[in-house]
Amino acid sequence: MSEQYKSSTELERAPVIEPGHTFGTVTEKISAIVLTRPATNGWFIGFGIAFMMTMMLLFALGYLFLKGTGIWGVTIPIGWGFAIVNFVWWIGIGHAGTLISAILLLLRQTWRNSINRFAEAMTLFAVAAAGVFPAVHVGRPWLAYWLFPYPNTMRVWPQFRSPLMWDVFAVSTYATISALFWFTGLIPDFATLRDRSEKRWIKMVYGMLSFGWRGSARHWHRYETMYLLLAGLATPLVLSVHTVVSFDFAVGIVPGWHTTIFPPYFVAGAIYSGFAMVLMLAIPIRKIYGLEDFITERHLQNSAKVMLATGLIVAYGYGIEAFMGWYGGDPYDAFTLWNRLHGPYAFWYWSLLSCNIFIPQVLWIRKLRTNPIALFFVSLVVLVGMWLERFIIVVVSLHRDFLNSSWGMYYPTRWDYMTYFGTIGMFLAAMFLFLRFLPAISIFEMRTLLPEAEVKE
Amino acid sequence: MSQIFHRSTNTLSRATIFGAVFIVAALGGVAYIVQGSPFVTYAGVRKPQPVPFSHQHHVAGLGIDCRYCHTSVETSSFAGIPPTKTCMNCHSQIWTNAQLLEPVRASYRSGESLQWTRVNQLPDFVYFNHSIHVTKGVGCNTCHGPVDQMPLMYQQESLQMEWCLGCHRDPGKNLRPRDQVFNMRYQQPSSARPVSVDGQEYTDQGALGAALVKKHKVRSVMDITTCSTCHR
């Protein structure tokens, strides 16, 4: 990092790491969470609740497999209910992790080093939660593997012209690259944990996971190359995955879906909700585990700024949709706009506008951007708003289509809610386990931020 | 610091990573082969029947036409399984004391049908119609194999979707003149034995198939390969 760069960015901002840390203290502080800190009652209670919610998910899915999708509220004309709403919501949340780990790495935003590890974990768990829905909403979930092209005795391929097919590839690629990237990042830290743990079997577990990492110069050389390559592979995915997800809608001719603004506005919305989730996770984690030195005010501020920017892009998307409804002259589009503002779901549309556009404008105030509690609640509001956005897109567009005779309403059942909250439980349970067994902050990348790591030329 | 792992772990881990690729690929290959094998499809399996009825004897030996027993094959989706009365047309006169035929006579006396075991069984989600295939010129033995040489009946083909589509994607290669549909000894045209349709001689299946597709008004490949052609 050159002096010039430092002077322009670090003068008046909070530091990325609080002063006074050395290689030793950084390593000690992060690895202690896993190795020496005992699991508290709070952890057990939190994990227990999340685990029970996961069991609720399994119960809801088990009943679904027995009875079929009839137990959900989906019916004609709303054939895509909570399952697709939740899928899009979860997959969007994942995007922030990839943006932080890949794009910010390539752009040399070193402040990302404190939050990239758990943001990537968040991506992975969010993609897993998202992956539940397309697999179970197909009606005969045990045949969901038909979505993949493989040599078969039916001599048919999936329909490659369908965006739903593109979705399968987009999401499975995304899951693979995210998992690889996350694991690659963990390898040197696994080695650190291996070297610092006391018991032999723990040494063996971390030793196996670290692939025999010794930290030689050659290891590091290859490692950096690979990490950059993976970052390069992951970067287009930040934009492409949600673009393809938006095609699921935009390619259809339903008014409210059939617009070209969808891809950019979906991607912005994804990053918007993703950063909200990062903040909702980071704020309690830094408090509980005393990591305020590493996840500083600077990180909260930067994340809030990203939210503000992407939130405004999303607002622009809403604006253009409304504008085109009026300007386009298509009576069905005009009706869709009117129906959003005044129809049976108008309350939820106004809630969406409040959650996603009006309330987050408080982030313009610097005091609130640096206040963890305020940020936590704004993030919660944004997550609710982004969920409502997908609800509006899926349900409100479908419930009033071209023919009055096919109009209807959507009434989610308890199974819809159980599945949705169940995936939240699964996500949180995975997060709890991650915090307990893996270094939540990248140790080796944090060390490079210390003054000790500066190379004197 | 002592080593955690023995030095053989290096080799072992490399071998497992390398091997896993082949193991996964091999499992996929085995699954694919099993899926297409008689273990799953029952192709070539002689299922037990109440009476060991020989198509070879009745068709090749005696020269009985398929339609003598399977009466509805030209007009219905189902070819039809003959009632016991059809058997008794002859067997009330010949082999009247054969022990082998006792179930047939018992069925005739009691009026209870013989419970034959279905050999060529399509899944219920497939709509299949015999009459359209017969009318368009698909021979019996094209799908059922050399029935006249089967002492005990078995299913010739896999009846899997790839097999159906193999013909639906190129129907011309299996068509024959309508009057040859029930001919179990029919051979595709060659220069040695041409097949004549409407006064014209054909010496290869390509030309004959194209002519018959036109003559029998077989619908386009696109029409007969849509999902709802068979999955209604």
# chains A, B, ... in the order shown; residues from 1 in each chain; ligands from 1

$ residues_around --residues "stretch 67-80 of chain B" --least-positions-apart "3" --cutoff "7 Å" --atoms "only C-alpha atoms" --output "ChimeraX atom specification"
/B:64,86,128-131,134

$ residues_around --residues "A:Gly92" --least-positions-apart "2" --cutoff "8 Å" --atoms "only C-alpha atoms" --output "mmCIF file with N, CA and C atoms, in the first residue's frame"
data_model
loop_
_atom_site.group_PDB
_atom_site.id
_atom_site.type_symbol
_atom_site.label_atom_id
_atom_site.label_comp_id
_atom_site.auth_asym_id
_atom_site.auth_seq_id
_atom_site.Cartn_x
_atom_site.Cartn_y
_atom_site.Cartn_z
ATOM 1 N N VAL A 88 -35.432 -16.134 -4.022
ATOM 2 C CA VAL A 88 -34.799 -14.924 -4.546
ATOM 3 C C VAL A 88 -34.216 -14.097 -3.399
ATOM 4 N N TRP A 89 -34.927 -14.063 -2.287
ATOM 5 C CA TRP A 89 -34.463 -13.300 -1.134
ATOM 6 C C TRP A 89 -33.139 -13.852 -0.606
ATOM 7 N N TRP A 90 -33.072 -15.164 -0.434
ATOM 8 C CA TRP A 90 -31.857 -15.773 0.110
ATOM 9 C C TRP A 90 -30.688 -15.637 -0.857
ATOM 10 N N GLY A 94 -26.896 -13.653 -0.339
ATOM 11 C CA GLY A 94 -25.561 -14.207 -0.544
ATOM 12 C C GLY A 94 -24.624 -13.278 -1.305
ATOM 13 N N HIS A 95 -25.197 -12.401 -2.124
ATOM 14 C CA HIS A 95 -24.346 -11.625 -3.024
ATOM 15 C C HIS A 95 -23.344 -10.720 -2.335
ATOM 16 N N ALA A 96 -23.715 -10.207 -1.146
ATOM 17 C CA ALA A 96 -22.802 -9.291 -0.480
ATOM 18 C C ALA A 96 -21.492 -9.994 -0.151
ATOM 19 N N HIS A 242 -27.711 -12.959 -10.047
ATOM 20 C CA HIS A 242 -29.015 -12.352 -9.861
ATOM 21 C C HIS A 242 -29.601 -11.845 -11.172
ATOM 22 N N VAL A 267 -29.701 -6.988 -9.188
ATOM 23 C CA VAL A 267 -28.345 -7.101 -8.648
ATOM 24 C C VAL A 267 -28.146 -6.081 -7.532
ATOM 25 N N GLY A 269 -30.440 -4.759 -5.693
ATOM 26 C CA GLY A 269 -31.243 -5.200 -4.557
ATOM 27 C C GLY A 269 -30.576 -6.323 -3.797
ATOM 28 N N ALA A 270 -29.903 -7.210 -4.535
ATOM 29 C CA ALA A 270 -29.220 -8.325 -3.885
ATOM 30 C C ALA A 270 -28.116 -7.816 -2.974
ATOM 31 N N ILE A 271 -27.316 -6.879 -3.484
ATOM 32 C CA ILE A 271 -26.202 -6.372 -2.683
ATOM 33 C C ILE A 271 -26.732 -5.562 -1.495
ATOM 34 N N SER A 273 -29.606 -6.077 0.162
ATOM 35 C CA SER A 273 -30.042 -6.960 1.243
ATOM 36 C C SER A 273 -28.856 -7.713 1.837
ATOM 37 N N GLY A 274 -27.866 -8.021 1.002
ATOM 38 C CA GLY A 274 -26.699 -8.743 1.494
ATOM 39 C C GLY A 274 -25.935 -7.934 2.523
#

$ interface_residues --of "chain A" --to "chain B" --cutoff "9 Å" --atoms "only C-alpha atoms" --output "list in words"
Pro151, Asn152, Thr153, Met154, Arg155, Val156, Arg200, Lys203, Met204, Gly207, Phe211 and Gly212 of chain A

$ write_last_selection --atoms "N, CA and C atoms" --output "compact mmCIF listing (two decimals), in the first residue's frame"
# COMPACT_ATOMS: atom_id res chain seq x y z
N PRO A 151 -26.57 -37.90 -19.01
CA PRO A 151 -26.99 -38.95 -19.94
C PRO A 151 -28.09 -39.79 -19.29
N ASN A 152 -29.21 -39.95 -19.97
CA ASN A 152 -30.32 -40.65 -19.33
C ASN A 152 -31.06 -41.52 -20.33
N THR A 153 -31.86 -42.45 -19.80
CA THR A 153 -32.58 -43.38 -20.66
C THR A 153 -33.83 -42.76 -21.26
N MET A 154 -34.07 -41.47 -20.98
CA MET A 154 -35.20 -40.81 -21.63
C MET A 154 -34.78 -40.15 -22.94
N ARG A 155 -33.46 -40.03 -23.12
CA ARG A 155 -32.90 -39.36 -24.29
C ARG A 155 -33.50 -37.96 -24.48
N VAL A 156 -33.69 -37.26 -23.38
CA VAL A 156 -34.11 -35.86 -23.49
C VAL A 156 -33.18 -35.02 -22.63
N ARG A 200 -4.46 -33.87 20.39
CA ARG A 200 -3.97 -34.47 19.16
C ARG A 200 -5.07 -34.61 18.10
N LYS A 203 -5.74 -31.40 16.46
CA LYS A 203 -4.63 -31.14 15.53
C LYS A 203 -4.84 -31.90 14.23
N MET A 204 -5.30 -33.16 14.37
CA MET A 204 -5.47 -33.97 13.16
C MET A 204 -6.58 -33.43 12.28
N GLY A 207 -5.41 -30.31 10.81
CA GLY A 207 -4.29 -30.66 9.92
C GLY A 207 -4.78 -31.18 8.58
N PHE A 211 -4.63 -29.23 4.52
CA PHE A 211 -3.93 -29.83 3.37
C PHE A 211 -2.42 -29.79 3.54
N GLY A 212 -1.94 -29.92 4.76
CA GLY A 212 -0.49 -29.95 4.97
C GLY A 212 0.19 -28.61 4.74

$ atom_distance --atom1 "atom CA of B:Arg118" --atom2 "atom CA of B:Cys140"
16.9 Å

$ closest_residue --among "A:Trp350, A:Met307, A:Thr259, A:Lys367" --to "A:Phe323" --atoms "only C-alpha atoms"
A:Thr259

$ select_by_dssp --residues "stretch 146-352 of chain A" --states "alpha helix (DSSP H)" --output "PyMOL selection string"
chain A and resi 163-196+200-209+217-250+262-288+297-327+331-342+346-352

$ write_last_selection --atoms "C-alpha atoms" --output "short mmCIF file (atom, residue, chain, number, x, y, z; two decimals), in the first residue's frame"
data_model
loop_
_atom_site.label_atom_id
_atom_site.label_comp_id
_atom_site.auth_asym_id
_atom_site.auth_seq_id
_atom_site.Cartn_x
_atom_site.Cartn_y
_atom_site.Cartn_z
CA PRO A 163 -34.42 -19.17 -17.88
CA LEU A 164 -35.28 -21.68 -15.16
CA MET A 165 -32.59 -23.89 -16.66
CA TRP A 166 -30.10 -21.01 -16.70
CA ASP A 167 -30.98 -20.53 -13.06
CA VAL A 168 -29.87 -24.06 -12.23
CA PHE A 169 -26.46 -23.38 -13.75
CA ALA A 170 -26.14 -19.90 -12.28
CA VAL A 171 -26.94 -21.04 -8.76
CA SER A 172 -24.95 -24.27 -8.82
CA THR A 173 -21.90 -22.46 -10.22
CA TYR A 174 -22.33 -19.83 -7.59
CA ALA A 175 -22.51 -22.38 -4.79
CA THR A 176 -19.42 -24.21 -6.07
CA ILE A 177 -17.26 -21.12 -6.50
CA SER A 178 -18.37 -19.68 -3.17
CA ALA A 179 -17.51 -22.90 -1.36
CA LEU A 180 -14.11 -23.17 -3.08
CA PHE A 181 -13.27 -19.55 -2.40
CA TRP A 182 -14.27 -19.83 1.22
CA PHE A 183 -12.33 -23.02 1.77
CA THR A 184 -9.24 -21.72 0.00
CA GLY A 185 -9.28 -18.66 2.22
CA LEU A 186 -9.47 -20.88 5.28
CA ILE A 187 -6.44 -23.06 4.51
CA PRO A 188 -3.69 -20.93 6.14
CA ASP A 189 -5.97 -20.30 9.12
CA PHE A 190 -6.63 -24.01 9.50
CA ALA A 191 -2.88 -24.42 9.74
CA THR A 192 -2.73 -21.72 12.43
CA LEU A 193 -5.45 -23.50 14.40
CA ARG A 194 -3.65 -26.82 13.93
CA ASP A 195 -0.46 -25.38 15.34
CA ARG A 196 -2.13 -23.70 18.27
CA ARG A 200 -3.97 -34.47 19.16
CA TRP A 201 -7.33 -35.25 17.50
CA ILE A 202 -8.08 -31.55 17.09
CA LYS A 203 -4.63 -31.14 15.53
CA MET A 204 -5.47 -33.97 13.16
CA VAL A 205 -8.81 -32.52 12.10
CA TYR A 206 -7.41 -29.07 11.41
CA GLY A 207 -4.29 -30.66 9.92
CA MET A 208 -6.33 -32.54 7.39
CA LEU A 209 -8.39 -29.47 6.55
CA ALA A 217 7.33 -19.02 0.45
CA ARG A 218 6.38 -21.36 -2.39
CA HIS A 219 3.08 -22.19 -0.66
CA TRP A 220 2.29 -18.52 -0.32
CA HIS A 221 3.22 -17.75 -3.88
CA ARG A 222 0.91 -20.41 -5.27
CA TYR A 223 -1.75 -19.60 -2.76
CA GLU A 224 -1.92 -15.92 -3.69
CA THR A 225 -2.12 -16.81 -7.37
CA MET A 226 -4.95 -19.22 -6.80
CA TYR A 227 -6.81 -16.86 -4.52
CA LEU A 228 -6.65 -14.11 -7.13
CA LEU A 229 -7.80 -16.47 -9.86
CA LEU A 230 -10.76 -17.58 -7.78
CA ALA A 231 -11.57 -13.96 -7.06
CA GLY A 232 -11.49 -13.34 -10.78
CA LEU A 233 -13.89 -16.24 -11.33
CA ALA A 234 -16.20 -15.10 -8.57
CA THR A 235 -16.36 -11.47 -9.68
CA PRO A 236 -18.65 -11.92 -12.71
CA LEU A 237 -20.90 -14.11 -10.59
CA VAL A 238 -21.81 -11.15 -8.40
CA LEU A 239 -23.47 -9.63 -11.43
CA SER A 240 -24.52 -12.72 -13.37
CA VAL A 241 -26.32 -14.82 -10.76
CA HIS A 242 -29.01 -12.35 -9.86
CA THR A 243 -29.25 -11.25 -13.48
CA VAL A 244 -30.20 -14.80 -14.39
CA VAL A 245 -32.59 -14.98 -11.43
CA SER A 246 -34.25 -11.81 -12.72
CA PHE A 247 -34.64 -13.45 -16.15
CA ASP A 248 -36.98 -15.96 -14.51
CA PHE A 249 -39.37 -13.05 -14.33
CA ALA A 250 -38.27 -10.67 -17.08
CA PHE A 262 -34.90 -6.14 -13.91
CA PRO A 263 -31.28 -7.39 -14.12
CA PRO A 264 -29.49 -4.28 -12.80
CA TYR A 265 -32.20 -3.59 -10.29
CA PHE A 266 -32.13 -7.17 -9.02
CA VAL A 267 -28.34 -7.10 -8.65
CA ALA A 268 -28.46 -3.81 -6.74
CA GLY A 269 -31.24 -5.20 -4.56
CA ALA A 270 -29.22 -8.32 -3.89
CA ILE A 271 -26.20 -6.37 -2.68
CA TYR A 272 -28.50 -4.09 -0.71
CA SER A 273 -30.04 -6.96 1.24
CA GLY A 274 -26.70 -8.74 1.49
CA PHE A 275 -25.00 -5.83 3.22
CA ALA A 276 -28.00 -5.52 5.51
CA MET A 277 -27.46 -9.15 6.51
CA VAL A 278 -23.70 -8.59 6.93
CA LEU A 279 -24.43 -5.75 9.34
CA MET A 280 -27.07 -7.73 11.20
CA LEU A 281 -24.51 -10.48 11.76
CA ALA A 282 -21.44 -8.28 12.32
CA ILE A 283 -22.99 -6.03 14.95
CA PRO A 284 -23.87 -8.77 17.46
CA ILE A 285 -20.73 -10.80 16.68
CA ARG A 286 -18.31 -7.94 17.32
CA LYS A 287 -20.15 -7.13 20.54
CA ILE A 288 -20.38 -10.67 21.90
CA GLU A 297 -16.70 1.91 13.02
CA ARG A 298 -15.05 2.11 9.61
CA HIS A 299 -16.58 -1.20 8.54
CA LEU A 300 -20.01 -0.26 9.76
CA GLN A 301 -19.80 3.08 7.96
CA ASN A 302 -18.60 1.57 4.71
CA SER A 303 -21.32 -1.08 4.75
CA ALA A 304 -23.92 1.57 5.48
CA LYS A 305 -22.67 3.62 2.53
CA VAL A 306 -22.91 0.61 0.21
CA MET A 307 -26.46 0.09 1.44
CA LEU A 308 -27.31 3.71 0.82
CA ALA A 309 -25.93 3.60 -2.73
CA THR A 310 -27.51 0.30 -3.74
CA GLY A 311 -30.75 1.35 -2.03
CA LEU A 312 -30.89 4.39 -4.27
CA ILE A 313 -30.34 2.21 -7.35
CA VAL A 314 -33.24 0.06 -6.20
CA ALA A 315 -35.33 3.21 -5.71
CA TYR A 316 -34.43 4.22 -9.26
CA GLY A 317 -35.64 0.80 -10.42
CA TYR A 318 -39.00 1.30 -8.71
CA GLY A 319 -39.18 4.78 -10.21
CA ILE A 320 -38.53 3.51 -13.74
CA GLU A 321 -41.09 0.74 -13.32
CA ALA A 322 -43.69 3.29 -12.27
CA PHE A 323 -42.64 5.67 -15.03
CA MET A 324 -42.87 2.99 -17.70
CA GLY A 325 -46.27 1.96 -16.39
CA TRP A 326 -47.47 5.48 -17.05
CA TYR A 327 -45.37 6.39 -20.09
CA PRO A 331 -53.07 -0.57 -20.30
CA TYR A 332 -51.99 -3.75 -18.50
CA ASP A 333 -48.75 -2.18 -17.27
CA ALA A 334 -50.67 0.92 -16.20
CA PHE A 335 -53.11 -1.27 -14.34
CA THR A 336 -50.27 -3.14 -12.62
CA LEU A 337 -48.95 0.15 -11.32
CA TRP A 338 -52.40 1.26 -10.20
CA ASN A 339 -53.01 -2.13 -8.60
CA ARG A 340 -49.77 -1.91 -6.63
CA LEU A 341 -50.67 1.49 -5.30
CA HIS A 342 -54.38 0.92 -4.67
CA ALA A 346 -51.43 -1.82 -1.53
CA PHE A 347 -50.53 -1.88 2.16
CA TRP A 348 -47.59 -4.15 1.44
CA TYR A 349 -46.44 -2.05 -1.50
CA TRP A 350 -46.37 1.06 0.65
CA SER A 351 -44.58 -0.95 3.38
CA LEU A 352 -42.04 -1.98 0.79
#

$ residues_around --residues "B:Phe125" --least-positions-apart "6" --cutoff "9 Å" --atoms "only C-alpha atoms" --output "PyMOL selection string"
chain B and resi 230-232

$ residues_around --residues "stretch 102-114 of chain B" --least-positions-apart "3" --cutoff "9 Å" --atoms "only C-alpha atoms" --output "number ranges by chain"
B: 50-51, 83-85, 87-88, 91-92, 96-99

$ residues_around --residues "stretch 180-192 of chain B" --least-positions-apart "2" --cutoff "6 Å" --atoms "only C-alpha atoms" --output "ChimeraX atom specification"
/B:139,177-178,194-195,203-205

$ closest_residue --among "A:Ile441, A:Met426, A:Ile392, A:Ala130" --to "A:Ile78" --atoms "only C-alpha atoms"
A:Ile392

$ atom_distance --atom1 "atom CA of A:Phe294" --atom2 "atom CA of A:Ser114"
6.1 Å

$ closest_residue --among "B:His6, B:Gly145, B:Leu12, B:Ser37" --to "B:His55" --atoms "only C-alpha atoms"
B:Gly145

$ residues_around --residues "A:Met418" --least-positions-apart "6" --cutoff "8 Å" --atoms "only C-alpha atoms" --output "JSON, numbers by chain"
{"A": [56, 57, 60]}

$ atom_distance --atom1 "atom CA of A:Trp142" --atom2 "atom CA of A:Met122"
27.2 Å
